[in-house]
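> Below is model-v4.csv; it holds CSV, C-alpha atoms.
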chain,number,residue,atom,x,y,z
A,1,MET,CA,129.0,62.5,76.7
A,2,GLU,CA,125.3,63.5,76.6
A,3,ASN,CA,124.9,62.4,80.2
A,4,ASN,CA,127.9,64.5,81.2
A,5,LEU,CA,126.4,67.6,79.6
A,6,ILE,CA,123.1,67.1,81.4
A,7,TRP,CA,124.9,66.6,84.7
A,8,MET,CA,126.9,69.8,84.1
A,9,TRP,CA,123.8,71.7,83.4
A,10,ARG,CA,122.1,70.3,86.5
A,11,LYS,CA,125.2,71.4,88.6
A,12,TYR,CA,125.1,74.8,87.0
A,13,LEU,CA,121.4,75.2,87.7
A,14,VAL,CA,121.6,74.1,91.3
A,15,GLY,CA,125.0,75.7,92.1
A,16,VAL,CA,124.7,79.0,90.4
A,17,CYS,CA,121.1,79.8,89.2
A,18,LEU,CA,119.2,78.6,92.3
A,19,PRO,CA,121.2,80.6,94.9
A,20,PHE,CA,121.0,83.6,92.6
A,21,LEU,CA,117.2,83.2,92.4
A,22,VAL,CA,116.9,82.8,96.2
A,23,VAL,CA,118.9,86.0,96.8
A,24,VAL,CA,116.8,87.9,94.2
A,25,LEU,CA,113.6,86.6,95.9
A,26,MET,CA,114.8,87.5,99.4
A,27,VAL,CA,115.7,91.0,98.4
A,28,GLY,CA,112.5,91.4,96.5
A,29,CYS,CA,110.3,90.2,99.3
A,30,SER,CA,112.1,92.2,102.0
A,31,GLY,CA,110.3,95.3,100.7
A,32,SER,CA,111.9,98.7,100.6
A,33,SER,CA,115.5,99.2,101.7
A,34,GLY,CA,114.5,101.5,104.6
A,35,THR,CA,114.2,105.2,105.1
A,36,VAL,CA,117.9,105.6,105.6
A,37,ASP,CA,118.6,104.8,101.9
A,38,ARG,CA,115.8,106.9,100.5
A,39,GLU,CA,116.3,110.3,99.1
A,40,VAL,CA,114.9,113.2,101.1
A,41,ASP,CA,111.9,114.9,99.5
A,42,PHE,CA,111.6,117.8,102.0
A,43,ASN,CA,114.1,119.3,104.4
A,44,LEU,CA,112.5,121.6,107.0
A,45,SER,CA,112.1,122.4,110.7
A,46,ALA,CA,109.6,120.8,113.0
A,47,SER,CA,107.9,124.1,113.5
A,48,GLU,CA,107.6,124.7,109.7
A,49,LEU,CA,106.1,121.3,109.2
A,50,MET,CA,103.6,121.8,112.0
A,51,SER,CA,102.8,125.3,110.7
A,52,ASP,CA,102.1,124.0,107.2
A,53,TYR,CA,99.7,121.4,108.7
A,54,GLN,CA,97.9,124.0,110.8
A,55,LEU,CA,97.4,126.4,107.9
A,56,ASP,CA,95.8,123.8,105.6
A,57,GLU,CA,95.8,120.1,106.6
A,58,GLY,CA,94.5,118.9,103.2
A,59,GLU,CA,97.1,120.8,101.3
A,60,ALA,CA,99.9,119.6,103.6
A,61,ASP,CA,98.7,116.0,103.2
A,62,GLY,CA,98.9,116.4,99.5
A,63,LYS,CA,102.4,117.8,99.7
A,64,TYR,CA,103.9,115.6,102.5
A,65,LEU,CA,102.0,112.3,102.8
A,66,ASP,CA,104.2,109.3,102.1
A,67,LYS,CA,107.2,111.6,101.3
A,68,VAL,CA,110.5,111.3,103.1
A,69,ILE,CA,111.0,114.3,105.3
A,70,GLU,CA,114.2,115.4,107.1
A,71,VAL,CA,113.0,117.4,110.0
A,72,MET,CA,115.1,119.5,112.4
A,73,GLY,CA,114.0,120.4,115.9
A,74,VAL,CA,114.6,120.1,119.6
A,75,LEU,CA,114.0,116.8,121.2
A,76,GLN,CA,111.2,117.0,123.7
A,77,SER,CA,110.9,113.4,124.8
A,78,VAL,CA,111.7,109.7,124.1
A,79,GLN,CA,109.1,107.1,124.9
A,80,LYS,CA,108.3,103.5,124.2
A,81,LEU,CA,104.9,102.8,122.7
A,82,LYS,CA,102.7,99.8,123.6
A,83,ASN,CA,103.7,98.0,120.4
A,84,GLY,CA,107.4,98.3,121.5
A,85,ARG,CA,108.3,101.0,119.1
A,86,ILE,CA,110.4,104.0,120.2
A,87,GLN,CA,108.9,107.4,119.6
A,88,LEU,CA,110.8,110.7,119.5
A,89,SER,CA,108.8,113.9,120.1
A,90,LEU,CA,110.2,117.1,118.6
A,91,LYS,CA,109.1,120.5,119.8
A,92,THR,CA,107.3,122.8,117.4
A,93,GLY,CA,106.8,125.9,119.4
A,94,GLU,CA,103.1,125.2,119.6
A,95,GLU,CA,101.3,124.7,122.9
A,96,ILE,CA,99.6,121.6,121.5
A,97,GLY,CA,101.1,119.5,118.8
A,98,SER,CA,104.6,118.2,118.1
A,99,VAL,CA,106.3,116.2,115.5
A,100,LEU,CA,106.3,112.5,116.5
A,101,CYS,CA,108.9,110.3,114.9
A,102,ASN,CA,108.5,106.5,115.3
A,103,LEU,CA,111.9,104.9,114.9
A,104,GLU,CA,112.5,102.3,112.2
A,105,LYS,CA,112.8,98.7,113.7
A,106,GLY,CA,116.5,98.0,114.3
A,107,LYS,CA,117.4,101.7,114.6
A,108,GLU,CA,116.5,102.0,118.2
A,109,SER,CA,120.2,102.1,119.4
A,110,ALA,CA,120.4,105.7,118.2
A,111,ILE,CA,118.5,106.9,121.3
A,112,ALA,CA,121.5,106.1,123.5
A,113,SER,CA,123.3,109.3,122.5
A,114,LEU,CA,120.2,111.5,122.4
A,115,LYS,CA,119.6,114.3,125.0
A,116,VAL,CA,116.3,115.9,125.7
A,117,ASN,CA,116.2,119.6,124.9
A,118,SER,CA,119.1,119.2,122.4
A,119,PRO,CA,118.8,119.8,118.6
A,120,ILE,CA,118.2,116.7,116.5
A,121,ARG,CA,117.6,115.8,112.9
A,122,VAL,CA,115.3,113.0,112.0
A,123,LYS,CA,114.4,111.5,108.6
A,124,GLY,CA,111.1,109.7,108.3
A,125,ILE,CA,108.0,109.1,106.2
A,126,CYS,CA,105.1,111.4,106.7
A,127,MET,CA,101.9,109.7,107.8
A,128,GLY,CA,99.7,112.8,108.4
A,129,MET,CA,98.5,114.7,111.4
A,130,LEU,CA,96.1,114.0,114.3
A,131,MET,CA,97.1,116.5,117.0
A,132,ASP,CA,100.8,115.9,116.2
A,133,VAL,CA,102.4,115.3,112.8
A,134,LEU,CA,103.6,111.7,112.6
A,135,LEU,CA,106.7,110.4,110.8
A,136,GLU,CA,107.0,106.6,110.5
A,137,SER,CA,110.1,104.4,109.8
A,138,SER,CA,112.3,107.3,111.2
A,139,VAL,CA,116.0,107.3,111.6
A,140,VAL,CA,118.2,109.8,113.5
A,141,VAL,CA,120.5,111.7,111.1
A,142,ASN,CA,124.0,112.3,112.4
B,1,MET,CA,90.0,130.9,105.4
B,2,LYS,CA,93.3,129.2,105.7
B,3,TYR,CA,92.7,128.6,109.4
B,4,ARG,CA,89.4,126.9,108.6
B,5,LEU,CA,91.2,123.7,107.9
B,6,ILE,CA,93.0,123.4,111.2
B,7,GLY,CA,93.1,119.8,112.4
B,8,PHE,CA,89.9,118.2,113.6
B,9,PHE,CA,91.1,117.6,117.1
B,10,VAL,CA,92.8,120.9,117.6
B,11,LEU,CA,89.4,122.5,116.7
B,12,PHE,CA,87.7,120.1,119.1
B,13,LEU,CA,90.0,121.0,121.9
B,14,LEU,CA,89.7,124.7,121.4
B,15,GLY,CA,85.9,124.2,121.1
B,16,VAL,CA,85.7,122.8,124.6
B,17,ALA,CA,88.4,125.0,126.1
B,18,SER,CA,85.8,126.8,128.2
B,19,THR,CA,84.8,123.7,130.1
B,20,ASN,CA,86.3,122.6,133.3
B,21,ALA,CA,89.8,121.1,132.6
B,22,GLN,CA,89.2,118.4,135.2
B,23,SER,CA,86.4,117.0,133.1
B,24,ARG,CA,88.5,116.5,130.0
B,25,PHE,CA,90.6,113.4,129.3
B,26,LEU,CA,93.0,112.8,126.5
B,27,THR,CA,95.0,110.0,125.0
B,28,LYS,CA,97.4,109.9,122.0
B,29,GLN,CA,98.1,106.2,122.5
B,30,GLY,CA,94.7,104.6,122.4
B,31,HIS,CA,94.4,101.1,120.9
B,32,ALA,CA,92.0,100.2,118.1
B,33,SER,CA,91.9,96.8,116.5
B,34,PHE,CA,89.7,95.0,114.0
B,35,PHE,CA,89.1,91.4,113.2
B,36,SER,CA,87.9,90.0,110.0
B,37,LYS,CA,86.7,86.3,110.0
B,38,ALA,CA,86.3,84.9,106.5
B,39,PRO,CA,86.1,81.4,105.0
B,40,LEU,CA,89.7,81.4,103.8
B,41,GLU,CA,91.5,83.4,106.5
B,42,ASP,CA,91.2,85.6,109.6
B,43,ILE,CA,92.8,89.0,109.4
B,44,GLU,CA,93.6,91.2,112.4
B,45,ALA,CA,95.2,94.6,112.6
B,46,HIS,CA,96.1,96.9,115.5
B,47,ASN,CA,96.6,100.6,115.8
B,48,TYR,CA,98.4,101.9,119.0
B,49,GLN,CA,98.3,105.6,118.1
B,50,VAL,CA,94.7,106.4,118.4
B,51,MET,CA,93.9,109.9,119.7
B,52,SER,CA,90.8,110.7,121.8
B,53,VAL,CA,89.3,113.4,123.8
B,54,ILE,CA,86.5,112.6,126.2
B,55,ASP,CA,84.7,115.3,128.1
B,56,LEU,CA,82.7,114.1,131.2
B,57,GLU,CA,80.9,117.5,131.6
B,58,ASP,CA,79.7,117.9,128.0
B,59,LYS,CA,79.5,114.1,127.6
B,60,ASN,CA,81.3,114.4,124.3
B,61,ILE,CA,83.7,111.9,122.8
B,62,ALA,CA,86.0,112.3,119.8
B,63,VAL,CA,88.3,109.6,118.4
B,64,SER,CA,90.7,109.9,115.5
B,65,MET,CA,93.3,107.6,114.0
B,66,LEU,CA,95.5,107.5,110.9
B,67,ILE,CA,94.7,104.6,108.7
B,68,LYS,CA,98.4,104.1,107.9
B,69,THR,CA,99.2,103.3,111.5
B,70,PHE,CA,97.3,100.1,111.5
B,71,GLU,CA,99.7,97.2,111.7
B,72,PHE,CA,99.1,93.8,110.2
B,73,LYS,CA,101.1,90.6,110.6
B,74,LYS,CA,101.7,90.4,106.8
B,75,SER,CA,103.2,93.6,105.2
B,76,LEU,CA,101.4,92.7,101.9
B,77,MET,CA,98.0,92.8,103.7
B,78,GLN,CA,98.9,96.2,105.1
B,79,GLU,CA,99.8,97.4,101.7
B,80,HIS,CA,96.6,96.2,100.1
B,81,PHE,CA,94.5,97.6,103.0
B,82,ASN,CA,96.1,101.0,102.5
B,83,GLU,CA,96.3,101.2,98.8
B,84,ASN,CA,93.4,99.2,97.5
B,85,TYR,CA,90.7,99.1,100.1
B,86,LEU,CA,90.9,102.1,102.5
B,87,GLU,CA,92.8,104.3,100.0
B,88,SER,CA,94.6,106.0,102.8
B,89,HIS,CA,96.4,108.4,100.4
B,90,LYS,CA,92.9,109.9,99.7
B,91,PHE,CA,91.3,109.3,103.2
B,92,PRO,CA,94.1,109.4,105.7
B,93,LYS,CA,91.9,109.3,108.8
B,94,ALA,CA,89.1,107.4,110.5
B,95,THR,CA,87.2,109.5,113.0
B,96,PHE,CA,84.3,109.2,115.4
B,97,LYS,CA,82.6,112.2,117.0
B,98,GLY,CA,79.6,111.7,119.3
B,99,SER,CA,78.3,111.8,122.8
B,100,PHE,CA,77.6,109.3,125.6
B,101,GLU,CA,75.0,108.8,128.3
B,102,SER,CA,75.3,106.9,131.6
B,103,ALA,CA,72.6,106.0,134.1
B,104,THR,CA,74.5,107.8,136.9
B,105,PRO,CA,76.8,110.8,136.5
B,106,ILE,CA,80.4,109.9,136.0
B,107,GLU,CA,82.6,111.3,138.8
B,108,ALA,CA,86.2,111.9,137.7
B,109,MET,CA,87.7,111.4,141.2
B,110,LYS,CA,85.7,108.3,142.3
B,111,ASN,CA,86.9,104.8,141.4
B,112,ALA,CA,84.1,103.2,139.6
B,113,THR,CA,82.9,101.6,136.3
B,114,TYR,CA,80.0,103.0,134.3
B,115,GLU,CA,78.1,101.5,131.4
B,116,VAL,CA,77.5,104.1,128.7
B,117,ASP,CA,75.4,104.4,125.6
B,118,ILE,CA,77.3,106.0,122.8
B,119,THR,CA,75.9,107.6,119.7
B,120,GLY,CA,77.7,109.5,117.0
B,121,VAL,CA,79.1,109.6,113.5
B,122,LEU,CA,81.8,107.3,112.3
B,123,THR,CA,83.7,108.4,109.2
B,124,ILE,CA,85.8,105.8,107.4
B,125,HIS,CA,87.0,106.0,103.8
B,126,GLY,CA,85.5,109.5,103.6
B,127,VAL,CA,82.0,108.1,104.3
B,128,ALA,CA,80.1,109.1,107.4
B,129,LYS,CA,77.7,106.7,109.1
B,130,ASP,CA,75.6,107.0,112.3
B,131,VAL,CA,76.7,104.6,115.0
B,132,GLN,CA,75.0,103.5,118.2
B,133,THR,CA,76.9,101.2,120.6
B,134,LYS,CA,77.6,100.5,124.2
B,135,GLY,CA,80.8,101.0,126.1
B,136,THR,CA,82.3,101.3,129.6
B,137,ILE,CA,84.1,104.1,131.3
B,138,THR,CA,86.2,103.1,134.2
B,139,MET,CA,87.6,105.9,136.5
B,140,LYS,CA,90.6,104.9,138.6
B,141,ASP,CA,92.9,107.2,140.6
B,142,GLY,CA,91.8,110.2,138.5
B,143,LYS,CA,92.5,108.4,135.2
B,144,MET,CA,90.0,107.0,132.7
B,145,MET,CA,89.8,103.8,130.7
B,146,ALA,CA,87.1,103.8,128.0
B,147,THR,CA,86.3,100.7,126.0
B,148,THR,CA,83.8,99.8,123.3
B,149,ASN,CA,83.3,97.4,120.5
B,150,PHE,CA,81.1,97.4,117.5
B,151,LYS,CA,80.7,96.0,114.0
B,152,VAL,CA,81.5,97.9,110.8
B,153,ALA,CA,80.0,96.8,107.5
B,154,LEU,CA,82.6,97.6,104.7
B,155,GLU,CA,79.7,98.4,102.3
B,156,ASP,CA,78.5,101.2,104.6
B,157,HIS,CA,81.7,103.0,104.0
B,158,ASP,CA,82.0,102.3,100.3
B,159,VAL,CA,85.0,99.9,100.8
B,160,LYS,CA,85.0,97.7,97.7
B,161,ILE,CA,86.4,94.2,98.0
B,162,PRO,CA,87.4,92.6,94.6
B,163,LYS,CA,85.5,89.3,93.9
B,164,LEU,CA,88.8,87.5,93.7
B,165,VAL,CA,89.4,87.9,97.5
B,166,VAL,CA,85.8,87.9,98.6
B,167,LYS,CA,86.4,84.7,100.6
B,168,ASN,CA,89.5,86.3,102.3
B,169,ILE,CA,87.8,89.4,103.8
B,170,ALA,CA,84.7,89.5,105.9
B,171,GLU,CA,81.9,91.9,104.8
B,172,VAL,CA,81.4,92.9,108.5
B,173,VAL,CA,84.4,93.4,110.8
B,174,ASP,CA,84.6,93.5,114.6
B,175,VAL,CA,86.2,96.7,116.0
B,176,ASP,CA,87.5,97.0,119.5
B,177,ILE,CA,88.6,100.3,121.0
B,178,GLN,CA,90.5,100.8,124.3
B,179,LEU,CA,91.4,104.4,125.4
B,180,ASN,CA,93.6,104.9,128.5
B,181,CYS,CA,93.2,108.6,129.0
B,182,GLU,CA,94.9,111.1,131.3
B,183,PRO,CA,93.3,114.3,132.6
B,184,TYR,CA,93.9,117.0,130.0
B,185,LYS,CA,95.0,120.3,131.4
B,186,THR,CA,95.6,123.4,129.4
Could the structure of this file be written out as structure tokens, please?


Amino acid sequence: MENNLIWMWRKYLVGVCLPFLVVVLMVGCSGSSGTVDREVDFNLSASELMSDYQLDEGEADGKYLDKVIEVMGVLQSVQKLKNGRIQLSLKTGEEIGSVLCNLEKGKESAIASLKVNSPIRVKGICMGMLMDVLLESSVVVN
Amino acid sequence: MKYRLIGFFVLFLLGVASTNAQSRFLTKQGHASFFSKAPLEDIEAHNYQVMSVIDLEDKNIAVSMLIKTFEFKKSLMQEHFNENYLESHKFPKATFKGSFESATPIEAMKNATYEVDITGVLTIHGVAKDVQTKGTITMKDGKMMATTNFKVALEDHDVKIPKLVVKNIAEVVDVDIQLNCEPYKT
């Protein structure tokens, strides 16, 4: 009788608890669920974002850095970076400087339907500004 | 006052706007990497979005990169690098601004490689440090490839490594820079 109970417990642990733990660990180790599921912190145009950075870069960093931004603009170009990532460039109306959006891994298929010089909405995480404002882990919003 | 804080590179470009456009070269996709060799592990990271402006006439060079765009093999390392060591939320950029000298004048339209001596100020983690190093500038078909490598002591830039991981991270890391620049025309 006692042996049967121990055997049942073992079966329960191996059959139910262990798979559950593995799933929990896998989800936990996989990091964030991606930009697509994150709530948008700021919704603005590419030119507004660039303008904020040009007015006061420090203040803009304080406001936008690491935040999820949904940016609207006109697609200037699509290019592949040396690390294989796809980068969308959005016009800002400035002679120098655009909003660059590096697509999240696995979301590259979205570029098939994109047209240069057409309006586009992109959601990404703000990394800051060099000459351009950079959004990482970006996804194209339909 | 508000315009005083316009981005470092925008200012730099405007500052050299009066020079001959043919002498200026720009990249937004330069490559920077660093390698840390420590007793317990080797760590390597790459940044493929380095920006640089090099002016052959004024012999100026400016390099800037976002700390957050360094990529590590392990995401946990990348997280620690940004949050605990480089504190990229406080100091988002690493920059270098300086000048170079070559034994013979660099000709933009002549295919050749030149050895250069580079001096300037490297700012990492908000701490500026004078740097002297050597590099090469290769001109080919009107384009430029500039390379250099140097060592960076973490202590020089006030980057604190906890005692617990002192055997995992080198005190001095090797830095490699490769800048494939195109002529910059306004």

> Counting all atoms listed in the file, which residue out of A:Asn83, A:Leu49, A:Ser137, A:Ile111 sits closest to Phe72 of chain B?

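Going through A:Asn83, A:Leu49, A:Ser137, A:Ile111 one by one, the smallest distance to Phe72 of chain B is for A:Asn83.
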
> What are the residues of chain A that have an atom within 12 Å of an atom of chain B, counting all atoms listed in the file, as a PyMOL selection string?

chain A and resi 29-32+50-67+79-85+87+94-98+100+102+125-137

> With C-alpha atoms retained, write the just-selected residues as an mmCIF file, keeping the file's coordinate frame.


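And here's part30.cif as it stands now:
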data_model
loop_
_atom_site.group_PDB
_atom_site.id
_atom_site.type_symbol
_atom_site.label_atom_id
_atom_site.label_comp_id
_atom_site.auth_asym_id
_atom_site.auth_seq_id
_atom_site.Cartn_x
_atom_site.Cartn_y
_atom_site.Cartn_z
ATOM 1 C CA CYS A 29 110.300 90.200 99.300
ATOM 2 C CA SER A 30 112.100 92.200 102.000
ATOM 3 C CA GLY A 31 110.300 95.300 100.700
ATOM 4 C CA SER A 32 111.900 98.700 100.600
ATOM 5 C CA MET A 50 103.600 121.800 112.000
ATOM 6 C CA SER A 51 102.800 125.300 110.700
ATOM 7 C CA ASP A 52 102.100 124.000 107.200
ATOM 8 C CA TYR A 53 99.700 121.400 108.700
ATOM 9 C CA GLN A 54 97.900 124.000 110.800
ATOM 10 C CA LEU A 55 97.400 126.400 107.900
ATOM 11 C CA ASP A 56 95.800 123.800 105.600
ATOM 12 C CA GLU A 57 95.800 120.100 106.600
ATOM 13 C CA GLY A 58 94.500 118.900 103.200
ATOM 14 C CA GLU A 59 97.100 120.800 101.300
ATOM 15 C CA ALA A 60 99.900 119.600 103.600
ATOM 16 C CA ASP A 61 98.700 116.000 103.200
ATOM 17 C CA GLY A 62 98.900 116.400 99.500
ATOM 18 C CA LYS A 63 102.400 117.800 99.700
ATOM 19 C CA TYR A 64 103.900 115.600 102.500
ATOM 20 C CA LEU A 65 102.000 112.300 102.800
ATOM 21 C CA ASP A 66 104.200 109.300 102.100
ATOM 22 C CA LYS A 67 107.200 111.600 101.300
ATOM 23 C CA GLN A 79 109.100 107.100 124.900
ATOM 24 C CA LYS A 80 108.300 103.500 124.200
ATOM 25 C CA LEU A 81 104.900 102.800 122.700
ATOM 26 C CA LYS A 82 102.700 99.800 123.600
ATOM 27 C CA ASN A 83 103.700 98.000 120.400
ATOM 28 C CA GLY A 84 107.400 98.300 121.500
ATOM 29 C CA ARG A 85 108.300 101.000 119.100
ATOM 30 C CA GLN A 87 108.900 107.400 119.600
ATOM 31 C CA GLU A 94 103.100 125.200 119.600
ATOM 32 C CA GLU A 95 101.300 124.700 122.900
ATOM 33 C CA ILE A 96 99.600 121.600 121.500
ATOM 34 C CA GLY A 97 101.100 119.500 118.800
ATOM 35 C CA SER A 98 104.600 118.200 118.100
ATOM 36 C CA LEU A 100 106.300 112.500 116.500
ATOM 37 C CA ASN A 102 108.500 106.500 115.300
ATOM 38 C CA ILE A 125 108.000 109.100 106.200
ATOM 39 C CA CYS A 126 105.100 111.400 106.700
ATOM 40 C CA MET A 127 101.900 109.700 107.800
ATOM 41 C CA GLY A 128 99.700 112.800 108.400
ATOM 42 C CA MET A 129 98.500 114.700 111.400
ATOM 43 C CA LEU A 130 96.100 114.000 114.300
ATOM 44 C CA MET A 131 97.100 116.500 117.000
ATOM 45 C CA ASP A 132 100.800 115.900 116.200
ATOM 46 C CA VAL A 133 102.400 115.300 112.800
ATOM 47 C CA LEU A 134 103.600 111.700 112.600
ATOM 48 C CA LEU A 135 106.700 110.400 110.800
ATOM 49 C CA GLU A 136 107.000 106.600 110.500
ATOM 50 C CA SER A 137 110.100 104.400 109.800
#

> Atom CA of Ser138 of chain A and atom CA of Glu44 of chain B are how many Å apart?

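Atom-to-atom, atom CA of Ser138 of chain A to atom CA of Glu44 of chain B, that is 24.7 Å.
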
> Using atom CA of Val74 of chain A and atom CA of Leu114 of chain A as the two end points, give the distance in Å to one decimal.

10.6 Å

> Expressed in Å to a single decimal, how great is the separation between atom CA of Leu75 of chain A and atom CA of Thr27 of chain B?

20.5 Å
